[in-house]
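Undergrad: Sharing final32.txt (compact mmCIF, C-alpha atoms) below.
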```txt
# COMPACT_ATOMS: atom_id res chain seq x y z
CA MET A 1 4.60 15.71 -37.54
CA GLY A 2 7.08 16.83 -40.25
CA GLY A 3 10.83 16.92 -39.93
CA GLY A 4 11.96 14.62 -42.73
CA GLU A 5 13.19 17.27 -45.18
CA GLY A 6 16.62 16.42 -46.54
CA ARG A 7 16.52 12.96 -44.99
CA ARG A 8 16.77 9.74 -46.94
CA ALA A 9 15.28 6.43 -45.85
CA LEU A 10 15.84 2.95 -47.24
CA ILE A 11 12.94 0.50 -46.93
CA THR A 12 13.47 -3.22 -47.58
CA GLY A 13 10.20 -4.95 -48.36
CA ILE A 14 8.76 -1.73 -49.81
CA THR A 15 6.35 -3.65 -52.07
CA GLY A 16 4.72 -5.30 -49.03
CA GLN A 17 1.84 -4.06 -46.90
CA ASP A 18 3.96 -2.28 -44.26
CA GLY A 19 6.46 -1.01 -46.80
CA SER A 20 3.76 0.72 -48.82
CA TYR A 21 2.20 2.46 -45.79
CA LEU A 22 5.62 3.44 -44.42
CA ALA A 23 6.67 4.85 -47.82
CA GLU A 24 3.51 6.98 -47.93
CA PHE A 25 4.12 8.21 -44.39
CA LEU A 26 7.78 9.10 -44.98
CA LEU A 27 6.97 10.94 -48.22
CA GLU A 28 4.46 13.01 -46.24
CA GLN A 29 7.29 13.90 -43.83
CA GLY A 30 9.42 15.16 -46.72
CA TYR A 31 11.81 12.19 -46.96
CA GLU A 32 13.48 10.89 -50.08
CA VAL A 33 12.43 7.24 -50.05
CA VAL A 34 14.60 4.49 -51.51
CA GLY A 35 12.96 1.09 -51.83
CA MET A 36 14.92 -2.15 -52.14
CA VAL A 37 13.42 -4.82 -54.40
CA ARG A 38 14.77 -8.24 -55.29
CA ARG A 39 15.48 -9.05 -58.93
CA SER A 40 12.57 -11.38 -59.62
CA SER A 41 10.07 -12.03 -62.38
CA THR A 42 7.23 -11.96 -59.84
CA VAL A 43 7.73 -8.66 -57.97
CA ASN A 44 4.33 -7.05 -57.52
CA PHE A 45 4.29 -3.24 -57.44
CA GLU A 46 0.52 -3.01 -56.96
CA ARG A 47 0.70 -1.66 -53.38
CA ILE A 48 3.06 1.21 -54.32
CA ALA A 49 1.80 1.94 -57.85
CA HIS A 50 0.13 5.19 -56.72
CA ILE A 51 3.42 6.58 -55.34
CA GLN A 52 5.95 4.75 -57.53
CA ASP A 53 6.93 7.91 -59.43
CA ARG A 54 8.00 9.50 -56.12
CA LEU A 55 10.19 6.57 -55.02
CA VAL A 56 13.71 5.50 -55.93
CA LEU A 57 13.54 1.73 -56.47
CA VAL A 58 16.84 -0.14 -56.38
CA SER A 59 17.92 -3.75 -56.69
CA GLY A 60 19.22 -5.60 -53.64
CA ASP A 61 18.75 -8.85 -51.73
CA LEU A 62 18.96 -9.77 -48.03
CA LEU A 63 20.63 -13.02 -49.12
CA ASP A 64 23.55 -11.07 -50.67
CA GLU A 65 25.53 -8.80 -48.33
CA VAL A 66 27.62 -7.34 -51.17
CA SER A 67 24.45 -5.99 -52.81
CA LEU A 68 23.50 -4.34 -49.49
CA ILE A 69 26.93 -2.72 -49.06
CA LYS A 70 26.82 -1.32 -52.61
CA LEU A 71 23.28 -0.04 -52.09
CA LEU A 72 24.18 1.76 -48.83
CA ARG A 73 27.31 3.30 -50.39
CA GLN A 74 25.43 4.50 -53.42
CA HIS A 75 22.34 5.96 -51.74
CA ARG A 76 23.66 6.93 -48.28
CA PRO A 77 20.41 6.62 -46.31
CA HIS A 78 20.07 8.19 -42.85
CA GLU A 79 17.56 5.51 -41.81
CA VAL A 80 17.02 1.87 -42.79
CA TYR A 81 13.71 0.11 -42.16
CA ASN A 82 14.16 -3.65 -42.55
CA LEU A 83 10.66 -4.92 -43.33
CA ALA A 84 11.63 -7.61 -45.87
CA ALA A 85 11.22 -11.22 -44.73
CA GLN A 86 9.67 -14.53 -45.60
CA SER A 87 6.74 -13.43 -43.50
CA PHE A 88 4.02 -16.05 -43.90
CA VAL A 89 3.98 -18.37 -40.89
CA GLN A 90 2.40 -21.33 -42.72
CA THR A 91 5.08 -21.23 -45.46
CA SER A 92 7.86 -21.32 -42.86
CA TRP A 93 7.22 -25.01 -42.12
CA GLY A 94 7.54 -25.89 -45.80
CA GLN A 95 10.60 -23.65 -46.32
CA PRO A 96 12.32 -23.43 -42.93
CA VAL A 97 15.85 -22.92 -44.29
CA LEU A 98 14.84 -20.15 -46.71
CA THR A 99 12.88 -18.52 -43.88
CA GLY A 100 16.03 -18.60 -41.72
CA GLU A 101 18.24 -17.23 -44.50
CA THR A 102 15.94 -14.27 -45.15
CA THR A 103 14.16 -13.55 -41.88
CA ALA A 104 17.12 -14.28 -39.55
CA LEU A 105 20.45 -14.04 -41.37
CA GLY A 106 19.13 -11.30 -43.66
CA VAL A 107 18.99 -9.00 -40.63
CA THR A 108 22.64 -9.77 -39.83
CA ARG A 109 23.72 -9.02 -43.38
CA MET A 110 22.01 -5.62 -43.31
CA LEU A 111 23.37 -4.73 -39.86
CA ASP A 112 26.86 -5.75 -40.91
CA ALA A 113 26.58 -3.69 -44.10
CA ILE A 114 25.55 -0.66 -41.99
CA ARG A 115 28.48 -1.27 -39.60
CA LEU A 116 30.91 -1.34 -42.54
CA VAL A 117 29.49 1.54 -44.61
CA ASP A 118 28.10 4.06 -42.10
CA PRO A 119 27.60 3.23 -38.39
CA ASP A 120 25.56 6.46 -37.99
CA ILE A 121 22.64 5.00 -39.97
CA ARG A 122 19.60 4.40 -37.74
CA PHE A 123 18.18 0.89 -38.16
CA TYR A 124 14.65 -0.41 -37.55
CA GLN A 125 14.01 -4.16 -37.41
CA ALA A 126 10.48 -5.47 -37.88
CA SER A 127 10.18 -7.95 -35.03
CA SER A 128 7.01 -9.95 -34.45
CA SER A 129 4.60 -11.06 -31.75
CA GLU A 130 5.14 -14.60 -33.10
CA MET A 131 8.41 -14.52 -31.10
CA PHE A 132 6.36 -14.82 -27.89
CA GLY A 133 4.59 -17.91 -29.26
CA LYS A 134 3.60 -20.15 -26.33
CA VAL A 135 3.20 -17.22 -24.00
CA SER A 136 4.34 -17.21 -20.39
CA GLU A 137 2.31 -14.13 -19.43
CA ILE A 138 -0.70 -12.18 -20.68
CA PRO A 139 -0.44 -9.53 -22.01
CA GLN A 140 3.01 -9.72 -23.60
CA ARG A 141 5.40 -6.82 -23.05
CA GLU A 142 9.02 -5.99 -23.83
CA THR A 143 10.29 -8.20 -20.97
CA THR A 144 8.16 -11.29 -21.76
CA PRO A 145 10.33 -14.35 -22.56
CA PHE A 146 10.24 -15.71 -26.11
CA HIS A 147 8.94 -19.19 -26.94
CA PRO A 148 8.39 -19.22 -30.74
CA ARG A 149 6.15 -21.91 -32.21
CA SER A 150 7.10 -21.80 -35.89
CA PRO A 151 10.29 -21.56 -37.99
CA TYR A 152 9.16 -18.00 -38.78
CA GLY A 153 8.92 -17.13 -35.08
CA VAL A 154 12.34 -18.70 -34.42
CA ALA A 155 13.88 -16.69 -37.27
CA LYS A 156 12.33 -13.48 -35.96
CA VAL A 157 13.82 -14.17 -32.50
CA TYR A 158 17.26 -14.44 -34.12
CA GLY A 159 16.66 -11.18 -36.03
CA HIS A 160 15.58 -9.49 -32.83
CA TRP A 161 18.58 -10.59 -30.76
CA ILE A 162 21.15 -9.86 -33.49
CA THR A 163 19.72 -6.31 -33.59
CA VAL A 164 20.21 -6.01 -29.82
CA ASN A 165 23.68 -7.52 -30.20
CA TYR A 166 24.85 -5.03 -32.84
CA ARG A 167 23.46 -2.19 -30.73
CA GLU A 168 25.37 -3.35 -27.67
CA SER A 169 28.54 -4.50 -29.49
CA TYR A 170 29.04 -1.70 -32.00
CA GLY A 171 26.97 1.17 -30.60
CA LEU A 172 24.63 1.22 -33.59
CA TYR A 173 21.28 2.97 -33.24
CA ALA A 174 19.39 -0.26 -33.94
CA VAL A 175 15.90 -0.98 -32.60
CA SER A 176 13.21 -3.64 -32.87
CA GLY A 177 9.49 -3.07 -33.01
CA MET A 178 7.76 -6.15 -31.59
CA CYS A 179 4.64 -5.72 -33.68
CA PHE A 180 1.47 -7.64 -33.05
CA ASN A 181 -0.71 -8.55 -36.04
CA HIS A 182 -1.48 -5.56 -38.20
CA GLU A 183 -3.77 -5.79 -41.17
CA SER A 184 -5.22 -3.66 -43.97
CA PRO A 185 -6.85 -3.94 -47.40
CA ARG A 186 -3.26 -4.36 -48.68
CA ARG A 187 -2.69 -7.58 -46.71
CA GLY A 188 -1.77 -10.60 -48.86
CA LEU A 189 -4.54 -13.08 -49.66
CA GLU A 190 -2.63 -15.87 -47.87
CA PHE A 191 -3.18 -14.21 -44.45
CA VAL A 192 -6.29 -15.31 -42.59
CA THR A 193 -7.77 -11.82 -42.14
CA ARG A 194 -7.59 -11.00 -45.85
CA LYS A 195 -8.64 -14.53 -46.76
CA ILE A 196 -11.80 -13.93 -44.72
CA THR A 197 -12.64 -10.47 -46.08
CA HIS A 198 -11.96 -11.51 -49.69
CA GLY A 199 -13.98 -14.69 -49.14
CA VAL A 200 -16.87 -12.64 -47.74
CA ALA A 201 -16.75 -10.38 -50.81
CA ARG A 202 -16.82 -13.35 -53.20
CA ILE A 203 -19.75 -14.91 -51.31
CA ALA A 204 -21.61 -11.57 -51.20
CA HIS A 205 -21.14 -11.24 -54.98
CA GLY A 206 -22.48 -14.79 -55.49
CA LEU A 207 -19.16 -16.23 -56.74
CA ASP A 208 -18.61 -18.69 -53.88
CA ASP A 209 -20.73 -20.26 -51.16
CA THR A 210 -18.16 -21.53 -48.64
CA LEU A 211 -14.96 -20.33 -47.00
CA ARG A 212 -12.53 -22.95 -45.66
CA LEU A 213 -10.54 -21.94 -42.56
CA GLY A 214 -8.39 -23.54 -39.86
CA ASN A 215 -8.55 -22.84 -36.12
CA LEU A 216 -11.41 -20.42 -35.40
CA GLU A 217 -10.49 -20.19 -31.71
CA ALA A 218 -6.98 -18.74 -32.23
CA GLN A 219 -6.89 -15.25 -30.70
CA ARG A 220 -4.85 -12.32 -31.95
CA ASP A 221 -4.25 -8.67 -31.23
CA TRP A 222 -5.17 -7.12 -34.59
CA GLY A 223 -4.47 -3.48 -35.50
CA PHE A 224 -4.30 -1.34 -38.65
CA ALA A 225 -0.96 -1.37 -40.50
CA GLY A 226 -1.24 2.35 -41.29
CA ASP A 227 -1.19 3.09 -37.54
CA TYR A 228 1.77 0.81 -36.87
CA VAL A 229 4.21 2.37 -39.35
CA ARG A 230 4.05 5.64 -37.36
CA ALA A 231 5.50 3.70 -34.41
CA PHE A 232 8.43 2.48 -36.58
CA TRP A 233 9.35 6.10 -37.35
CA LEU A 234 8.90 7.30 -33.78
CA MET A 235 11.31 4.60 -32.54
CA LEU A 236 14.10 6.01 -34.74
CA HIS A 237 13.57 9.56 -33.47
CA ARG A 238 14.50 9.24 -29.84
CA ASP A 239 17.72 10.08 -27.99
CA SER A 240 18.31 6.44 -27.06
CA ALA A 241 17.76 3.21 -28.98
CA GLU A 242 15.23 0.92 -27.29
CA ASP A 243 12.83 -1.84 -28.35
CA PHE A 244 9.06 -1.46 -28.12
CA VAL A 245 5.94 -3.62 -28.27
CA VAL A 246 3.43 -2.22 -30.77
CA ALA A 247 -0.10 -3.51 -30.19
CA THR A 248 -3.72 -2.53 -29.55
CA GLY A 249 -4.03 -4.39 -26.22
CA GLU A 250 -7.28 -6.04 -27.40
CA THR A 251 -7.68 -9.66 -28.38
CA HIS A 252 -10.20 -11.18 -30.79
CA SER A 253 -10.64 -14.70 -32.15
CA VAL A 254 -10.73 -15.71 -35.81
CA ARG A 255 -14.40 -16.50 -35.11
CA ASP A 256 -14.96 -12.87 -33.96
CA PHE A 257 -13.32 -11.64 -37.16
CA CYS A 258 -15.61 -13.88 -39.25
CA GLU A 259 -18.69 -12.71 -37.37
CA LEU A 260 -17.91 -9.03 -38.00
CA ALA A 261 -16.83 -9.53 -41.61
CA PHE A 262 -19.85 -11.59 -42.68
CA GLY A 263 -22.20 -9.47 -40.58
CA HIS A 264 -21.03 -6.33 -42.40
CA THR A 265 -22.67 -7.70 -45.58
CA GLY A 266 -25.77 -9.03 -43.81
CA LEU A 267 -24.56 -12.65 -43.89
CA SER A 268 -23.97 -15.17 -41.08
CA TYR A 269 -20.53 -16.79 -40.97
CA GLU A 270 -22.09 -20.02 -39.64
CA ASP A 271 -23.82 -20.53 -43.01
CA HIS A 272 -20.59 -20.33 -45.00
CA VAL A 273 -17.46 -21.12 -42.96
CA VAL A 274 -16.13 -24.69 -43.06
CA VAL A 275 -13.34 -25.70 -40.65
CA ASP A 276 -10.73 -27.60 -42.67
CA PRO A 277 -7.97 -29.56 -40.84
CA ALA A 278 -5.65 -28.84 -43.80
CA PHE A 279 -5.32 -25.27 -42.53
CA MET A 280 -4.38 -26.23 -38.96
CA ARG A 281 -0.76 -25.44 -37.97
CA PRO A 282 1.59 -28.13 -36.57
CA ALA A 283 2.07 -25.95 -33.47
CA GLU A 284 -0.48 -23.22 -32.84
CA VAL A 285 -0.07 -19.95 -31.00
CA ASP A 286 -3.30 -19.73 -29.05
CA LEU A 287 -3.39 -16.25 -27.54
CA LEU A 288 -1.39 -13.16 -28.43
CA VAL A 289 -2.21 -9.79 -26.90
CA GLY A 290 0.28 -6.99 -26.43
CA ASP A 291 0.86 -4.33 -23.82
CA ALA A 292 1.95 -1.19 -25.68
CA GLY A 293 2.08 0.90 -22.50
CA LYS A 294 5.76 1.72 -23.01
CA ALA A 295 5.12 2.90 -26.60
CA GLN A 296 2.26 5.08 -25.41
CA ALA A 297 4.27 6.56 -22.53
CA GLU A 298 7.62 7.07 -24.31
CA LEU A 299 6.68 7.47 -27.98
CA GLY A 300 3.28 9.08 -27.56
CA TRP A 301 1.91 6.37 -29.88
CA LYS A 302 -1.48 4.73 -29.78
CA PRO A 303 -3.62 3.07 -32.47
CA GLU A 304 -6.39 5.15 -34.05
CA VAL A 305 -8.36 2.56 -36.07
CA SER A 306 -10.58 0.21 -34.01
CA PHE A 307 -10.92 -3.53 -34.64
CA GLN A 308 -14.45 -3.13 -36.01
CA ALA A 309 -13.41 -0.23 -38.26
CA LEU A 310 -10.47 -2.30 -39.55
CA VAL A 311 -12.66 -5.31 -40.43
CA HIS A 312 -15.25 -3.10 -42.13
CA MET A 313 -12.51 -1.22 -44.06
CA MET A 314 -11.10 -4.52 -45.36
CA VAL A 315 -14.51 -5.96 -46.32
CA ASP A 316 -15.50 -2.74 -48.13
CA ALA A 317 -12.21 -2.73 -50.08
CA ASP A 318 -12.66 -6.37 -51.11
CA LEU A 319 -16.31 -5.87 -52.08
CA GLU A 320 -15.11 -3.11 -54.41
CA LEU A 321 -12.17 -5.19 -55.70
CA VAL A 322 -14.28 -8.29 -56.46
CA GLY A 323 -16.95 -6.06 -58.02
CA ARG A 324 -14.36 -4.51 -60.37
CA GLN A 325 -12.96 -7.94 -61.29
CA ARG A 326 -16.44 -9.13 -62.27
CA VAL A 327 -17.02 -6.29 -64.75
```
Once you've parsed the file, please lay out its structure as structure tokens.
TA:
Amino acid sequence: MGGGEGRRALITGITGQDGSYLAEFLLEQGYEVVGMVRRSSTVNFERIAHIQDRLVLVSGDLLDEVSLIKLLRQHRPHEVYNLAAQSFVQTSWGQPVLTGETTALGVTRMLDAIRLVDPDIRFYQASSSEMFGKVSEIPQRETTPFHPRSPYGVAKVYGHWITVNYRESYGLYAVSGMCFNHESPRRGLEFVTRKITHGVARIAHGLDDTLRLGNLEAQRDWGFAGDYVRAFWLMLHRDSAEDFVVATGETHSVRDFCELAFGHTGLSYEDHVVVDPAFMRPAEVDLLVGDAGKAQAELGWKPEVSFQALVHMMVDADLELVGRQRV
């Protein structure tokens, strides 16, 4: 693909799953990669440890616009990828105001900083399929109305529309990728997919016997995070700024995920999974499946890792991880 020589990109949320894959991808393209991290005693650099010596890590916070302005002035990025957010749906009910400050207003602060410092910076906003929520059509595409079902989804809708607004009001090259669920071995343990694969690994190693989950019937469009970050980059390398749905177009239930994950180790999920009402959401999103036809037609993007390959990749990584931890 190439073409990043001499270009500088700023990634917020670089220590997260998507940030780490995007940083790897941009380094391969020849970019200088600047990663924004919050000053915190709990920042975890595990996902970027293998490339940390090739990154420029700087302090900044989406809650503090002054820090963003200083960061942009100092490092002069050509592209900004805003991946930082309070991104766990379950947490957003317990911390709705913090979720709004970070996931919604944080986008405004970054866009405003770009407007003030250098309006030529190209901006990518990580939007979410959770914006569609209680869906009005299946599959969901760029024109599907939003009906978010969590404070996280509501905050992402704000972030999405403020991106559109700055594009239309100030002529910024600002785009949103409406990404459906994307997973990997680097997913946090609080997310259901990783909770399942890590639980399978612990059961396979004889450390646990049960795995407690919520709604097994919830259906999602799950892809591989490493595939999705390519779409982020492609969106910033067009003549015109437009928003795109990024998805696989396939839907699978949590039960399907369990079946594949346990089956990969020769176990049956029915022997180990316990449905626990404590993990049920106050308002559930029942069925998300995206239509990425526009991304395929206009970006030339399509996912390469299948659902089964993704589940097996995650289980294998957790089997190895739990095995190492036992030694």
Undergrad: Which residue is closest to A:Gly206? Choose from A:Ala84, A:Val33, A:Ile14, A:Leu267 and count all atoms listed in the file.
TA: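 For A:Gly206, the nearest of the given residues is A:Leu267.
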Undergrad: Kindly indicate which residue among A:Val80, A:Leu98, A:Ala295, A:Ile162 lies nearest to A:Asp120, using all atoms listed in the file for the distances.
TA: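 When distances to A:Asp120 are compared using all atoms listed in the file, the smallest one comes from A:Val80.
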Undergrad: Counting all atoms listed in the file, write as an mmCIF file with C-alpha atoms, in the coordinates of the input all protein and nucleic acid residues lying at most 12 Å from (-6.7, -8.6, -25.6) in the file's frame.
TA:
```
data_model
loop_
_atom_site.group_PDB
_atom_site.id
_atom_site.type_symbol
_atom_site.label_atom_id
_atom_site.label_comp_id
_atom_site.auth_asym_id
_atom_site.auth_seq_id
_atom_site.Cartn_x
_atom_site.Cartn_y
_atom_site.Cartn_z
ATOM 1 C CA ILE A 138 -0.700 -12.180 -20.680
ATOM 2 C CA PRO A 139 -0.440 -9.530 -22.010
ATOM 3 C CA GLN A 140 3.010 -9.720 -23.600
ATOM 4 C CA PHE A 180 1.470 -7.640 -33.050
ATOM 5 C CA GLN A 219 -6.890 -15.250 -30.700
ATOM 6 C CA ARG A 220 -4.850 -12.320 -31.950
ATOM 7 C CA ASP A 221 -4.250 -8.670 -31.230
ATOM 8 C CA TRP A 222 -5.170 -7.120 -34.590
ATOM 9 C CA GLY A 223 -4.470 -3.480 -35.500
ATOM 10 C CA ALA A 247 -0.100 -3.510 -30.190
ATOM 11 C CA THR A 248 -3.720 -2.530 -29.550
ATOM 12 C CA GLY A 249 -4.030 -4.390 -26.220
ATOM 13 C CA GLU A 250 -7.280 -6.040 -27.400
ATOM 14 C CA THR A 251 -7.680 -9.660 -28.380
ATOM 15 C CA HIS A 252 -10.200 -11.180 -30.790
ATOM 16 C CA SER A 253 -10.640 -14.700 -32.150
ATOM 17 C CA LEU A 287 -3.390 -16.250 -27.540
ATOM 18 C CA LEU A 288 -1.390 -13.160 -28.430
ATOM 19 C CA VAL A 289 -2.210 -9.790 -26.900
ATOM 20 C CA GLY A 290 0.280 -6.990 -26.430
ATOM 21 C CA ASP A 291 0.860 -4.330 -23.820
ATOM 22 C CA ALA A 292 1.950 -1.190 -25.680
ATOM 23 C CA PHE A 307 -10.920 -3.530 -34.640
#
```
Undergrad: I need the residue nearest A:Gly13 from this list: A:Gln125, A:Ser169, A:Thr265, A:Ser150. Use all atoms listed in the file for the distance.
TA: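 Counting all atoms listed in the file, the residue closest to A:Gly13 is A:Gln125.
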Undergrad: List the neighbours of A:Arg115 out to 10 Å using only C-alpha atoms; skip same-chain residues closer than 2 positions along the sequence, and give me the result as a list in words.
TA: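 The contact residues come out as Ile69, Arg109, Met110, Leu111, Asp112, Ala113, Val117, Asp118, Pro119, Asp120, Ile121, Tyr166, Tyr170, Gly171 and Leu172 of chain A.
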Undergrad: So, counting only C-alpha atoms, which residue among A:Met313, A:Ile11, A:Ala49, A:Val43 is closest to A:Leu260?
TA: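 Checking each candidate against A:Leu260, we get A:Met313 as the closest.
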Undergrad: Would you compute the distance between atom CA of A:Leu10 and atom CA of A:Leu27? Give it in Å to one decimal.
TA: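 A separation of 12.0 Å between them.
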Undergrad: Find the residue from A:Val311, A:Val164, A:Leu22, A:Ala297 that sits nearest to A:Ala241; use only C-alpha atoms when measuring.
TA: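 Answer, going by the shortest atom-to-atom distance: A:Val164.
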Undergrad: In Å, how far is it from atom CA of A:Gly19 to atom CA of A:Ser128?
TA: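 A separation of 15.3 Å between them.
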